[in-house]
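Contents: one structure, followed by commentary.
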Amino acid sequence: LVCLKPEAERQYLQDLSDVLLFLLLPKEDFHNKPFRYIVREVLVSGIFMPTIDLLSDPDYINQYIAWLCYETSFTRETFLTVIRSSDCMEELEAVRAKVDSDIAKWRSKDTGGSDDTAIKQNLNSLMFLRDTCDMRIRRLLDGPVSEQLMDEPENMRYQSLCVLTLDEIIIIMSLYNSLWSI
């Protein structure tokens, strides 16, 4: 009924306002009926109804979607981050297939000439993307990362770390201390 009848919608919003006022107003103000009714009507007529009307207006929704698409552009860095963190093998393979077809198209245009540098730059970018996809696919095929590495930050997780012996650590620390004591 709330969606079909404006009177039912108004009654529902008045009931909702009464509950909010009960929870938010001091006891003396809530028991003051003229004050409570005025505040309830201001909430319903001045805030809730106009907001619901605005948010349910198709033109507003379309304009908002257009604004979001225009304002938030999808950058190369964002795309590479998504590729590097994706766990879906099918998505990575689909991106890899699309990149391979784009590389083939750009190689067919690579005949030399005035725009040869732009073509080479696009090919290098596509090959970098292909290598990034291949690296992520290899990591997914290798299996999960060990539990010890899971506690490390994301940027340290896939780097090869050397294991130092206690003697090497003591030597490094003594060198470090001797440098700072100078």
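Every chain in the structure tokens has a letter given in the order shown (A, B, ...), and although residue numbers restart at 1 in each chain, ligands are simply numbered from 1 in the order shown.
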
Residues within 8 Å of A:Arg130, only C-alpha atoms, excluding chain neighbours under 5 positions, as a list in words
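Everything that qualifies: Arg96, Val99 and Asp100 of chain A.
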
Any chance you can output those residues with N, CA and C atoms as a compact mmCIF listing (two decimals), in the first residue's frame?
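Resulting contents of out-v4.txt:
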```txt
# COMPACT_ATOMS: atom_id res chain seq x y z
N ARG A 96 43.43 -11.68 -21.31
CA ARG A 96 44.60 -12.12 -22.07
C ARG A 96 44.24 -12.36 -23.53
N VAL A 99 43.73 -8.98 -25.20
CA VAL A 99 45.03 -8.32 -25.40
C VAL A 99 45.76 -8.95 -26.56
N ASP A 100 45.71 -10.28 -26.69
CA ASP A 100 46.36 -10.95 -27.82
C ASP A 100 45.78 -10.51 -29.15
```

Find the residues around A:Gln11 up to 10 Å (only C-alpha atoms counted), leave out those fewer than 5 positions away in its own chain, and share them as a PyMOL selection string.
chain A and resi 2+6+16-17+44

Saved selection, atoms kept: N, CA, C and O atoms, as a PDB file, in the first residue's frame:
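In the end it all went to result-v4.pdb:
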```pdb
ATOM      1  N   VAL A   2       2.026   1.183   0.639  1.00  0.00           N
ATOM      2  CA  VAL A   2       2.887   2.360   0.719  1.00  0.00           C
ATOM      3  C   VAL A   2       3.314   2.804  -0.672  1.00  0.00           C
ATOM      4  O   VAL A   2       3.386   4.000  -0.961  1.00  0.00           O
ATOM      5  N   PRO A   6      -0.599   7.399  -2.087  1.00  0.00           N
ATOM      6  CA  PRO A   6       0.147   8.483  -1.438  1.00  0.00           C
ATOM      7  C   PRO A   6      -0.265   8.677   0.022  1.00  0.00           C
ATOM      8  O   PRO A   6       0.581   9.030   0.853  1.00  0.00           O
ATOM      9  N   LEU A  16       6.895   6.493  11.057  1.00  0.00           N
ATOM     10  CA  LEU A  16       8.349   6.412  11.146  1.00  0.00           C
ATOM     11  C   LEU A  16       8.911   7.633  11.880  1.00  0.00           C
ATOM     12  O   LEU A  16       9.794   7.504  12.730  1.00  0.00           O
ATOM     13  N   SER A  17       8.379   8.803  11.575  1.00  0.00           N
ATOM     14  CA  SER A  17       8.812  10.028  12.251  1.00  0.00           C
ATOM     15  C   SER A  17       8.492   9.977  13.738  1.00  0.00           C
ATOM     16  O   SER A  17       9.290  10.430  14.568  1.00  0.00           O
ATOM     17  N   VAL A  44       8.153  14.947   7.595  1.00  0.00           N
ATOM     18  CA  VAL A  44       7.480  14.224   6.514  1.00  0.00           C
ATOM     19  C   VAL A  44       7.364  15.091   5.268  1.00  0.00           C
ATOM     20  O   VAL A  44       7.746  14.683   4.168  1.00  0.00           O
TER      21      VAL A  44
END
```

Find the residues around A:Arg36 up to 12 Å (only C-alpha atoms counted), leave out those fewer than 5 positions away in its own chain, and share them as a VMD selection string.
chain A and resid 14 to 15 17 to 22 24 to 31 41 to 43

Set the distance at 12 Å and use only C-alpha atoms: which residues neighbour A:Ala94 once local chain neighbours fewer than 4 positions away are removed? I'd like the list as a PyMOL selection string.
chain A and resi 83+88-90+98-101+130+133-134+137

The selected residues should be written to file as an mmCIF file, in the first residue's frame (atoms: all heavy atoms).
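Ended up saving to part_14.cif:
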```cif
data_model
loop_
_atom_site.group_PDB
_atom_site.id
_atom_site.type_symbol
_atom_site.label_atom_id
_atom_site.label_comp_id
_atom_site.auth_asym_id
_atom_site.auth_seq_id
_atom_site.Cartn_x
_atom_site.Cartn_y
_atom_site.Cartn_z
ATOM 1 N N ILE A 83 43.679 -6.235 -12.315
ATOM 2 C CA ILE A 83 44.305 -7.422 -12.917
ATOM 3 C C ILE A 83 45.233 -8.099 -11.909
ATOM 4 O O ILE A 83 45.212 -9.311 -11.740
ATOM 5 C CB ILE A 83 45.097 -7.037 -14.192
ATOM 6 C CG1 ILE A 83 44.144 -6.555 -15.291
ATOM 7 C CG2 ILE A 83 45.950 -8.191 -14.692
ATOM 8 C CD1 ILE A 83 43.209 -7.606 -15.808
ATOM 9 N N CYS A 88 39.938 -14.518 -10.314
ATOM 10 C CA CYS A 88 39.093 -15.228 -11.268
ATOM 11 C C CYS A 88 39.914 -15.565 -12.521
ATOM 12 O O CYS A 88 40.277 -14.678 -13.302
ATOM 13 C CB CYS A 88 37.878 -14.377 -11.620
ATOM 14 S SG CYS A 88 36.748 -15.207 -12.737
ATOM 15 N N MET A 89 40.185 -16.842 -12.703
ATOM 16 C CA MET A 89 40.991 -17.297 -13.822
ATOM 17 C C MET A 89 40.314 -16.994 -15.164
ATOM 18 O O MET A 89 40.985 -16.608 -16.125
ATOM 19 C CB MET A 89 41.243 -18.797 -13.684
ATOM 20 C CG MET A 89 42.205 -19.351 -14.693
ATOM 21 S SD MET A 89 43.896 -18.829 -14.409
ATOM 22 C CE MET A 89 44.293 -19.839 -13.026
ATOM 23 N N GLU A 90 38.978 -17.115 -15.210
ATOM 24 C CA GLU A 90 38.261 -16.869 -16.460
ATOM 25 C C GLU A 90 38.394 -15.413 -16.901
ATOM 26 O O GLU A 90 38.570 -15.127 -18.086
ATOM 27 C CB GLU A 90 36.776 -17.233 -16.316
ATOM 28 C CG GLU A 90 36.507 -18.709 -16.121
ATOM 29 C CD GLU A 90 36.672 -19.144 -14.672
ATOM 30 O OE1 GLU A 90 36.597 -18.284 -13.774
ATOM 31 O OE2 GLU A 90 36.901 -20.348 -14.438
ATOM 32 N N LYS A 98 41.755 -10.960 -25.246
ATOM 33 C CA LYS A 98 41.487 -9.655 -25.858
ATOM 34 C C LYS A 98 42.784 -8.901 -26.142
ATOM 35 O O LYS A 98 42.951 -8.286 -27.193
ATOM 36 C CB LYS A 98 40.574 -8.836 -24.934
ATOM 37 C CG LYS A 98 40.253 -7.465 -25.439
ATOM 38 C CD LYS A 98 39.467 -7.495 -26.728
ATOM 39 C CE LYS A 98 39.100 -6.076 -27.142
ATOM 40 N NZ LYS A 98 38.887 -5.960 -28.558
ATOM 41 N N VAL A 99 43.732 -8.978 -25.203
ATOM 42 C CA VAL A 99 45.027 -8.318 -25.398
ATOM 43 C C VAL A 99 45.763 -8.954 -26.565
ATOM 44 O O VAL A 99 46.368 -8.249 -27.385
ATOM 45 C CB VAL A 99 45.857 -8.377 -24.094
ATOM 46 C CG1 VAL A 99 47.293 -7.988 -24.340
ATOM 47 C CG2 VAL A 99 45.239 -7.471 -23.052
ATOM 48 N N ASP A 100 45.707 -10.283 -26.691
ATOM 49 C CA ASP A 100 46.360 -10.954 -27.817
ATOM 50 C C ASP A 100 45.778 -10.507 -29.155
ATOM 51 O O ASP A 100 46.516 -10.268 -30.111
ATOM 52 C CB ASP A 100 46.249 -12.475 -27.673
ATOM 53 C CG ASP A 100 47.208 -13.026 -26.632
ATOM 54 O OD1 ASP A 100 48.208 -12.341 -26.313
ATOM 55 O OD2 ASP A 100 46.956 -14.144 -26.129
ATOM 56 N N SER A 101 44.443 -10.373 -29.203
ATOM 57 C CA SER A 101 43.836 -9.919 -30.465
ATOM 58 C C SER A 101 44.205 -8.462 -30.759
ATOM 59 O O SER A 101 44.446 -8.109 -31.916
ATOM 60 C CB SER A 101 42.315 -10.099 -30.427
ATOM 61 O OG SER A 101 41.729 -9.215 -29.501
ATOM 62 N N ARG A 130 49.793 -8.028 -21.120
ATOM 63 C CA ARG A 130 49.782 -9.481 -21.311
ATOM 64 C C ARG A 130 50.700 -10.163 -20.297
ATOM 65 O O ARG A 130 50.333 -11.176 -19.699
ATOM 66 C CB ARG A 130 50.209 -9.833 -22.733
ATOM 67 C CG ARG A 130 50.201 -11.326 -23.003
ATOM 68 C CD ARG A 130 50.684 -11.675 -24.359
ATOM 69 N NE ARG A 130 52.061 -11.224 -24.494
ATOM 70 C CZ ARG A 130 52.707 -11.171 -25.640
ATOM 71 N NH1 ARG A 130 52.115 -11.506 -26.755
ATOM 72 N NH2 ARG A 130 53.970 -10.766 -25.691
ATOM 73 N N CYS A 133 49.032 -10.191 -16.925
ATOM 74 C CA CYS A 133 48.010 -11.254 -16.865
ATOM 75 C C CYS A 133 48.670 -12.620 -16.708
ATOM 76 O O CYS A 133 48.222 -13.445 -15.900
ATOM 77 C CB CYS A 133 47.148 -11.238 -18.119
ATOM 78 S SG CYS A 133 45.982 -9.893 -18.202
ATOM 79 N N ASP A 134 49.735 -12.866 -17.484
ATOM 80 C CA ASP A 134 50.428 -14.149 -17.393
ATOM 81 C C ASP A 134 51.008 -14.378 -16.003
ATOM 82 O O ASP A 134 50.930 -15.485 -15.460
ATOM 83 C CB ASP A 134 51.553 -14.222 -18.429
ATOM 84 C CG ASP A 134 51.015 -14.364 -19.843
ATOM 85 O OD1 ASP A 134 49.836 -14.747 -19.996
ATOM 86 O OD2 ASP A 134 51.773 -14.078 -20.787
ATOM 87 N N ILE A 137 48.141 -15.228 -13.655
ATOM 88 C CA ILE A 137 47.643 -16.580 -13.936
ATOM 89 C C ILE A 137 48.611 -17.611 -13.363
ATOM 90 O O ILE A 137 48.195 -18.601 -12.752
ATOM 91 C CB ILE A 137 47.433 -16.775 -15.458
ATOM 92 C CG1 ILE A 137 46.225 -15.953 -15.918
ATOM 93 C CG2 ILE A 137 47.257 -18.239 -15.804
ATOM 94 C CD1 ILE A 137 46.045 -15.904 -17.421
#
```

Would you compute the distance between atom CA of A:Ser108 and atom CA of A:Leu126? Give it in Å to one decimal.
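One can read the atom CA of A:Ser108 to atom CA of A:Leu126 distance as 14.1 Å.
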